[in-house]
Structures are given as structure tokens and as C-alpha cells.
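my_file.txt follows (compact mmCIF, C-alpha atoms):
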# COMPACT_ATOMS: atom_id res chain seq x y z
CA MET A 1 130.91 161.98 77.88
CA ASP A 2 131.45 158.72 76.08
CA ASP A 3 132.83 155.54 77.56
CA THR A 4 135.21 154.54 74.78
CA LEU A 5 137.23 151.40 74.15
CA ALA A 6 140.26 153.39 75.24
CA HIS A 7 138.60 154.18 78.57
CA LYS A 8 137.69 150.53 79.06
CA GLY A 9 141.26 149.50 78.31
CA GLN A 10 142.55 152.01 80.86
CA ARG A 11 140.14 150.58 83.43
CA GLU A 12 141.49 147.10 82.81
CA GLN A 13 145.01 148.39 83.46
CA LEU A 14 143.78 150.00 86.69
CA ILE A 15 142.10 146.75 87.76
CA GLU A 16 145.38 144.86 87.32
CA GLU A 17 147.21 147.53 89.32
CA LEU A 18 144.69 147.21 92.15
CA ARG A 19 144.98 143.43 92.05
CA ALA A 20 148.76 143.75 92.37
CA LYS A 21 148.24 145.99 95.43
CA GLY A 22 146.22 143.30 97.18
CA ILE A 23 142.62 143.93 96.14
CA THR A 24 141.47 140.42 95.29
CA ASP A 25 137.68 140.51 95.75
CA GLU A 26 136.40 139.95 92.21
CA LYS A 27 133.03 141.54 93.00
CA ILE A 28 134.76 144.80 93.90
CA LEU A 29 137.07 144.64 90.90
CA ASN A 30 134.12 143.98 88.58
CA ALA A 31 132.23 146.94 90.05
CA MET A 32 135.24 149.18 89.44
CA ARG A 33 135.52 147.76 85.95
CA LYS A 34 131.89 148.66 85.34
CA ILE A 35 131.95 152.28 86.59
CA PRO A 36 133.59 154.83 84.24
CA ARG A 37 135.67 156.91 86.66
CA HIS A 38 136.30 159.61 84.04
CA LEU A 39 132.62 160.61 84.23
CA PHE A 40 133.23 161.82 87.80
CA PHE A 41 135.94 164.29 86.78
CA PHE A 42 134.16 167.63 86.58
CA ASP A 43 137.30 169.36 85.26
CA ARG A 44 137.77 168.03 81.74
CA SER A 45 141.46 168.98 81.82
CA LEU A 46 142.01 166.28 84.46
CA GLU A 47 140.01 163.57 82.70
CA LYS A 48 143.17 162.10 81.18
CA PHE A 49 144.25 161.14 84.71
CA ALA A 50 140.99 159.31 85.54
CA TYR A 51 142.58 155.86 85.57
CA VAL A 52 145.74 156.81 87.44
CA ASP A 53 145.62 155.35 90.95
CA LYS A 54 145.65 158.72 92.67
CA ALA A 55 143.20 161.17 94.23
CA PHE A 56 142.45 164.34 92.26
CA PRO A 57 140.69 167.63 93.07
CA ILE A 58 137.10 168.27 92.07
CA GLU A 59 135.04 171.38 92.76
CA SER A 60 134.15 172.89 96.17
CA GLY A 61 137.59 172.06 97.56
CA GLN A 62 136.87 168.31 97.53
CA THR A 63 138.64 165.36 95.91
CA ILE A 64 137.78 162.16 94.10
CA SER A 65 139.40 159.43 96.16
CA GLN A 66 142.24 157.24 94.98
CA PRO A 67 140.81 154.05 93.41
CA TYR A 68 142.84 151.87 95.79
CA THR A 69 141.32 153.73 98.75
CA VAL A 70 137.82 153.29 97.33
CA ALA A 71 138.49 149.57 96.89
CA LEU A 72 139.95 149.27 100.40
CA GLN A 73 137.00 150.99 102.09
CA THR A 74 134.56 148.93 100.04
CA ASN A 75 136.37 145.73 101.00
CA LEU A 76 136.32 146.63 104.70
CA LEU A 77 132.55 147.21 104.49
CA SER A 78 131.95 143.59 103.38
CA VAL A 79 129.15 144.76 101.08
CA GLU A 80 126.30 142.34 100.46
CA LYS A 81 123.54 142.71 97.89
CA ASN A 82 120.65 144.84 99.21
CA ASP A 83 122.72 146.18 102.10
CA LYS A 84 121.37 149.52 103.28
CA ILE A 85 124.44 151.78 103.36
CA LEU A 86 124.77 155.31 104.71
CA GLU A 87 127.56 157.29 103.02
CA ILE A 88 128.81 160.48 104.63
CA GLY A 89 130.32 162.76 101.99
CA THR A 90 128.99 162.11 98.49
CA GLY A 91 131.78 164.14 96.91
CA SER A 92 132.16 163.21 93.25
CA GLY A 93 129.74 160.28 93.66
CA TYR A 94 132.30 157.68 92.59
CA GLN A 95 132.26 155.70 95.84
CA ALA A 96 128.44 155.69 95.90
CA ALA A 97 128.38 154.40 92.31
CA ILE A 98 130.73 151.54 93.22
CA LEU A 99 128.48 150.56 96.13
CA GLY A 100 125.44 150.77 93.85
CA ALA A 101 127.15 148.54 91.29
CA LEU A 102 127.62 145.95 94.06
CA GLY A 103 123.86 145.87 94.60
CA ALA A 104 123.70 147.99 97.75
CA ARG A 105 120.99 150.55 98.52
CA VAL A 106 122.94 153.74 99.11
CA PHE A 107 121.82 156.78 101.09
CA THR A 108 124.46 159.46 100.62
CA ILE A 109 124.80 162.91 102.23
CA GLU A 110 126.66 165.94 100.85
CA ARG A 111 127.05 169.26 102.71
CA GLN A 112 128.20 171.34 99.70
CA GLN A 113 125.03 172.39 97.88
CA GLU A 114 126.63 172.99 94.47
CA LEU A 115 128.36 169.63 94.59
CA TYR A 116 125.18 167.92 95.82
CA ILE A 117 123.15 169.25 92.86
CA ARG A 118 125.74 168.22 90.30
CA THR A 119 126.41 164.78 91.76
CA LYS A 120 122.71 164.01 92.25
CA ARG A 121 122.17 164.42 88.51
CA LEU A 122 125.19 162.28 87.63
CA LEU A 123 124.30 159.42 89.98
CA ALA A 124 120.72 159.36 88.72
CA SER A 125 122.05 158.54 85.25
CA PHE A 126 123.37 155.17 86.49
CA HIS A 127 119.92 153.95 87.59
CA TYR A 128 121.25 152.33 90.77
CA PRO A 129 119.28 152.55 94.05
CA ILE A 130 121.24 155.61 95.24
CA MET A 131 119.37 158.32 97.16
CA THR A 132 121.16 161.65 97.58
CA TYR A 133 120.62 164.10 100.43
CA TYR A 134 121.81 167.64 101.13
CA GLY A 135 122.71 167.92 104.79
CA ASP A 136 125.15 167.66 107.67
CA GLY A 137 126.90 164.29 107.71
CA TYR A 138 127.53 164.46 111.45
CA LYS A 139 123.76 164.11 111.92
CA GLY A 140 123.35 161.19 109.52
CA LEU A 141 119.82 160.26 108.46
CA PRO A 142 118.04 159.21 111.67
CA GLN A 143 114.67 159.17 109.91
CA LEU A 144 115.92 156.35 107.66
CA ALA A 145 117.92 154.36 110.22
CA PRO A 146 118.94 151.72 110.96
CA PHE A 147 121.64 151.01 108.36
CA ASP A 148 123.60 147.83 107.71
CA LYS A 149 126.79 149.72 106.93
CA VAL A 150 128.15 153.27 107.28
CA ILE A 151 131.06 154.75 105.33
CA LEU A 152 132.76 158.12 105.83
CA THR A 153 134.65 159.55 102.86
CA ALA A 154 136.12 162.49 104.77
CA ALA A 155 138.41 162.43 107.81
CA ALA A 156 136.63 163.02 111.09
CA PRO A 157 138.30 163.95 114.39
CA TYR A 158 136.19 161.26 116.06
CA ILE A 159 133.41 158.78 115.24
CA PRO A 160 130.12 160.67 115.65
CA ARG A 161 127.97 158.87 118.21
CA THR A 162 124.90 159.67 116.10
CA LEU A 163 126.24 157.49 113.29
CA LEU A 164 126.98 154.56 115.60
CA GLU A 165 123.42 154.80 116.92
CA GLN A 166 122.05 154.63 113.36
CA MET A 167 123.77 151.27 112.68
CA LYS A 168 122.13 147.90 113.16
CA VAL A 169 123.68 145.47 115.63
CA GLY A 170 126.14 143.51 113.52
CA GLY A 171 126.67 146.54 111.29
CA ILE A 172 130.02 147.89 110.11
CA LEU A 173 131.32 151.46 109.98
CA VAL A 174 134.46 152.35 107.98
CA ALA A 175 136.03 155.78 108.36
CA PRO A 176 139.29 157.72 108.12
CA ILE A 177 139.91 159.17 111.59
CA GLU A 178 142.39 161.88 112.55
CA ASN A 179 145.14 160.57 114.79
CA GLY A 180 147.61 163.30 115.68
CA GLU A 181 149.23 164.57 112.50
CA GLN A 182 147.97 161.69 110.34
CA GLN A 183 144.78 159.81 109.56
CA GLU A 184 144.03 156.11 110.05
CA MET A 185 141.45 153.93 108.35
CA ILE A 186 139.25 152.49 111.09
CA LYS A 187 136.71 149.67 110.94
CA ILE A 188 134.10 149.43 113.70
CA THR A 189 131.72 146.50 114.13
CA LYS A 190 128.66 147.01 116.33
CA ILE A 191 128.46 143.99 118.65
CA SER A 192 125.51 145.25 120.68
CA ASP A 193 123.85 148.57 121.44
CA THR A 194 126.71 149.35 123.80
CA GLU A 195 129.64 147.21 122.53
CA PHE A 196 131.90 147.82 119.53
CA GLU A 197 134.97 146.15 118.04
CA GLN A 198 137.58 148.33 116.35
CA SER A 199 140.44 147.52 113.99
CA ARG A 200 142.98 149.74 112.22
CA HIS A 201 143.86 149.46 108.54
CA GLY A 202 146.68 151.82 107.74
CA VAL A 203 147.44 155.46 107.18
CA CYS A 204 145.32 157.40 104.68
CA ALA A 205 144.69 160.96 103.46
CA PHE A 206 141.24 162.56 103.11
CA VAL A 207 139.78 166.05 103.16
CA PRO A 208 138.38 166.96 106.61
CA MET A 209 134.81 166.16 107.57
CA LEU A 210 133.13 169.47 108.43
CA LYS A 211 129.92 170.24 110.28
CA GLY A 212 126.95 172.16 108.90
CA ILE A 213 125.97 172.84 105.29
CA CYS A 214 127.06 175.41 102.73

So that I can check it, write out the structure of this file as C-alpha cells.
Amino acid sequence: MDDTLAHKGQREQLIEELRAKGITDEKILNAMRKIPRHLFFFDRSLEKFAYVDKAFPIESGQTISQPYTVALQTNLLSVEKNDKILEIGTGSGYQAAILGALGARVFTIERQQELYIRTKRLLASFHYPIMTYYGDGYKGLPQLAPFDKVILTAAAPYIPRTLLEQMKVGGILVAPIENGEQQEMIKITKISDTEFEQSRHGVCAFVPMLKGIC
């Protein structure tokens, strides 16, 4: 698919909408300006909605996250160039591409094999340092730990201890966590091997984080 002038104009409109909603980090806005979101819409009939600030379904029962949510999670991660980031739930690949555009080294896991194969090919076309893995996100990637940052793009019932153990001291984890009938965006900073700081950043809506592979 092409990235036309019309697409670029729609991205500029989206950037201004995100700015009005409180996303002010120019590095994040520039990354979102650079990544053509419409390329991550596998259903061509939905491509016309690519620059609407909403989540939309993709294949395998998953969604491509709302741009504001992607920007919020990215902002909470405090991404620095060359950060080693573990992403749980590759999904469409859009969040991984944004992190790659910010100069991070991304290690992303997807449990849906069909989605993994398709997204791996798409992300490779961007030539960012993004490594894709087919596996169970609850297990993380212990063989590649430790990571500077960890991001979950599906709602978990709890923070998996395995993921906290795979973070460096000083590292940050950002995740939507189930809290009763709703989900909350949580930021956890690892103070020491046994101490963590937690802050809450509003209600959100994500598909559930499931165990195993399929």
C-alpha cells in the first residue's frame, strides 16, 4: 500500500488531535507522524478509518489500539534511544513500530501464530531494530533479559512476576490491568530487586492477555 499525500495529511490531523488531548512530547508525535497507521489495517475495508482516534479490529480476534492509547503508553515508558524494550502482544505491530521509530530496540512476542507471521513480515519492511517472537507473553523472554522497559498491549489480571524479574533495576513496566469490571493503566518502576513503585493512569480498554500459544 502507498503512503499518499492524503494519508500524510490525515496523520497531521491526528497529531493535532492527540496534542489537544494532552500528548505534548514532540518525539512521540514525530514518531506517530512517521509511521503510516493504515499499513497496519489488514482489512482494507477499514483502512479509511486508520487516522480516526479509535481502536479497530484486526484478525485473530485482536485490535489495533487507539492512537491516543499508544501515545499514552509510550509516554509512560519514557523511551530513550537504544532502550531494550520487551513488548507483550505484538498484535498489528503498530505499537512496536512507534517504539522502533523512537530508536528503541524492540523484542515483541505474539501468541497467535497467523498474526505473528503476518506482522513479522510487515515490521521487517520498516528496517527498525524490531525482533519478533512467537510465544507465550506470560513467560517473557528470559534468555534475552534484562530489559530496560516492558509494555503489555493486552489486559492482564495481574502483573506476571516473570516480567518484573526480567526488568533491570530502574526499569519501567506499563500495562493495562483488570480491576473489577474495568481496566486501569498501571506504571511500575523497579526500585530494587524487591521494591517497586506503582502509579495509576486512568481507565482503558484492551483485549485480554491469554496464556499459551495458538

- Message: Restricting the calculation to all atoms listed in the file: of A:Pro36, A:Gly100, A:Pro157, A:Pro129, which residue gets closest to Gly180 in chain A?
- Response: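 The answer is A:Pro157, which sits nearest to Gly180 in chain A.
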
- Message: Which residue is closest to Thr63 in chain A? Choose from A:Asn82, A:Thr132, A:Thr90, A:Thr189 and count all atoms listed in the file.
- Response: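 The answer is A:Thr90, which sits nearest to Thr63 in chain A.
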
- Task: For Ser125 in chain A, please output as a ChimeraX atom specification all residues within 12 Å (counting all atoms listed in the file; exclusion window: fewer than 6 positions along the same chain).
- Result: /A:35,39-40,93,97,118-119

Just to be explicit: take each residue in the selection above, keep C-alpha atoms, and write the result as a PDB file, in the coordinates of the input.
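Listing of result07.pdb after writing:
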ATOM      1  CA  ILE A  35     131.950 152.280  86.590  1.00  0.00           C
ATOM      2  CA  LEU A  39     132.620 160.610  84.230  1.00  0.00           C
ATOM      3  CA  PHE A  40     133.230 161.820  87.800  1.00  0.00           C
ATOM      4  CA  GLY A  93     129.740 160.280  93.660  1.00  0.00           C
ATOM      5  CA  ALA A  97     128.380 154.400  92.310  1.00  0.00           C
ATOM      6  CA  ARG A 118     125.740 168.220  90.300  1.00  0.00           C
ATOM      7  CA  THR A 119     126.410 164.780  91.760  1.00  0.00           C
TER       8      THR A 119
END

- Message: as a list in words, please: the residues near range 138-140 of chain A (cut-off 7 Å, only C-alpha atoms, same-chain neighbours under 2 positions excluded).
- Response: Asp136, Pro142, Pro160, Thr162, Leu163 and Lys211 of chain A

- Query: To one decimal place, how far is CA of Leu99 in chain A from CA of Asn75 in chain A in Å?
  - Reply: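 That distance, rounded to one decimal, is 10.5 Å.
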
- Query: Residues at most 12 Å from His38 in chain A, counting all atoms listed in the file, excluding those fewer than 6 positions away in the same chain, as a list in words?
  - Reply: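 What passes the distance filter is Met1, Asp2, Asp3, Thr4, Ala6, His7, Lys8, Gln10, Arg11, Met32, Arg44, Ser45, Leu46, Glu47, Lys48, Phe49, Ala50, Tyr51, Val52, Phe56, Ile58, Ile64, Pro67, Ser92, Gly93, Tyr94 and Leu122 of chain A.
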
- Item | Using all atoms listed in the file: which of A:Ser60, A:Gly212, A:Ala155, A:Asn179 has the shortest distance to Glu114 in chain A |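 Distance minimum relative to Glu114 in chain A lands on A:Ser60.
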
- Suppose you want the space between CA of Leu14 in chain A and CA of Leu76 in chain A; what is it in Å?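 Separation of CA of Leu14 in chain A and CA of Leu76 in chain A: 19.8 Å.
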
- Item | Among listed residues A:Ala175, A:Met209, A:Cys214, A:Leu123, nearest Gln73 in chain A (using only C-alpha atoms) |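 Smallest distance to Gln73 in chain A is found for A:Ala175.
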
For range 88-102 of chain A, I'd like the enclosing box, axis-aligned and padded by 3 Å on every side, reported as lines of an AutoDock Vina configuration file with centre and edge lengths in Å to one decimal.
center_x = 128.9
center_y = 155.0
center_z = 98.0
size_x = 12.9
size_y = 24.2
size_z = 19.3

- Interatomic distance (Å, one decimal) between CA of Gly91 in chain A and CA of Phe206 in chain A: 11.4 Å

- Tell me which of A:Phe107, A:Phe42, A:Phe196, A:Tyr158 sits closest to Gln183 in chain A, counting all atoms listed in the file.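 Residue with the minimum atom-to-atom distance to Gln183 in chain A: A:Tyr158.
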
- Residue contacts of Val174 in chain A (12 Å, only C-alpha atoms) excluding same-chain residues fewer than 6 positions away, as a PyMOL selection string: chain A and resi 69-70+72-79+85-88+148-156+159+163-164+167+184-190+197-201

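If you measure from each of A:Asp53, A:Phe41, A:Pro208, A:Ile117 to Glu16 in chain A using all atoms listed in the file, the closest one turns out to be A:Asp53.
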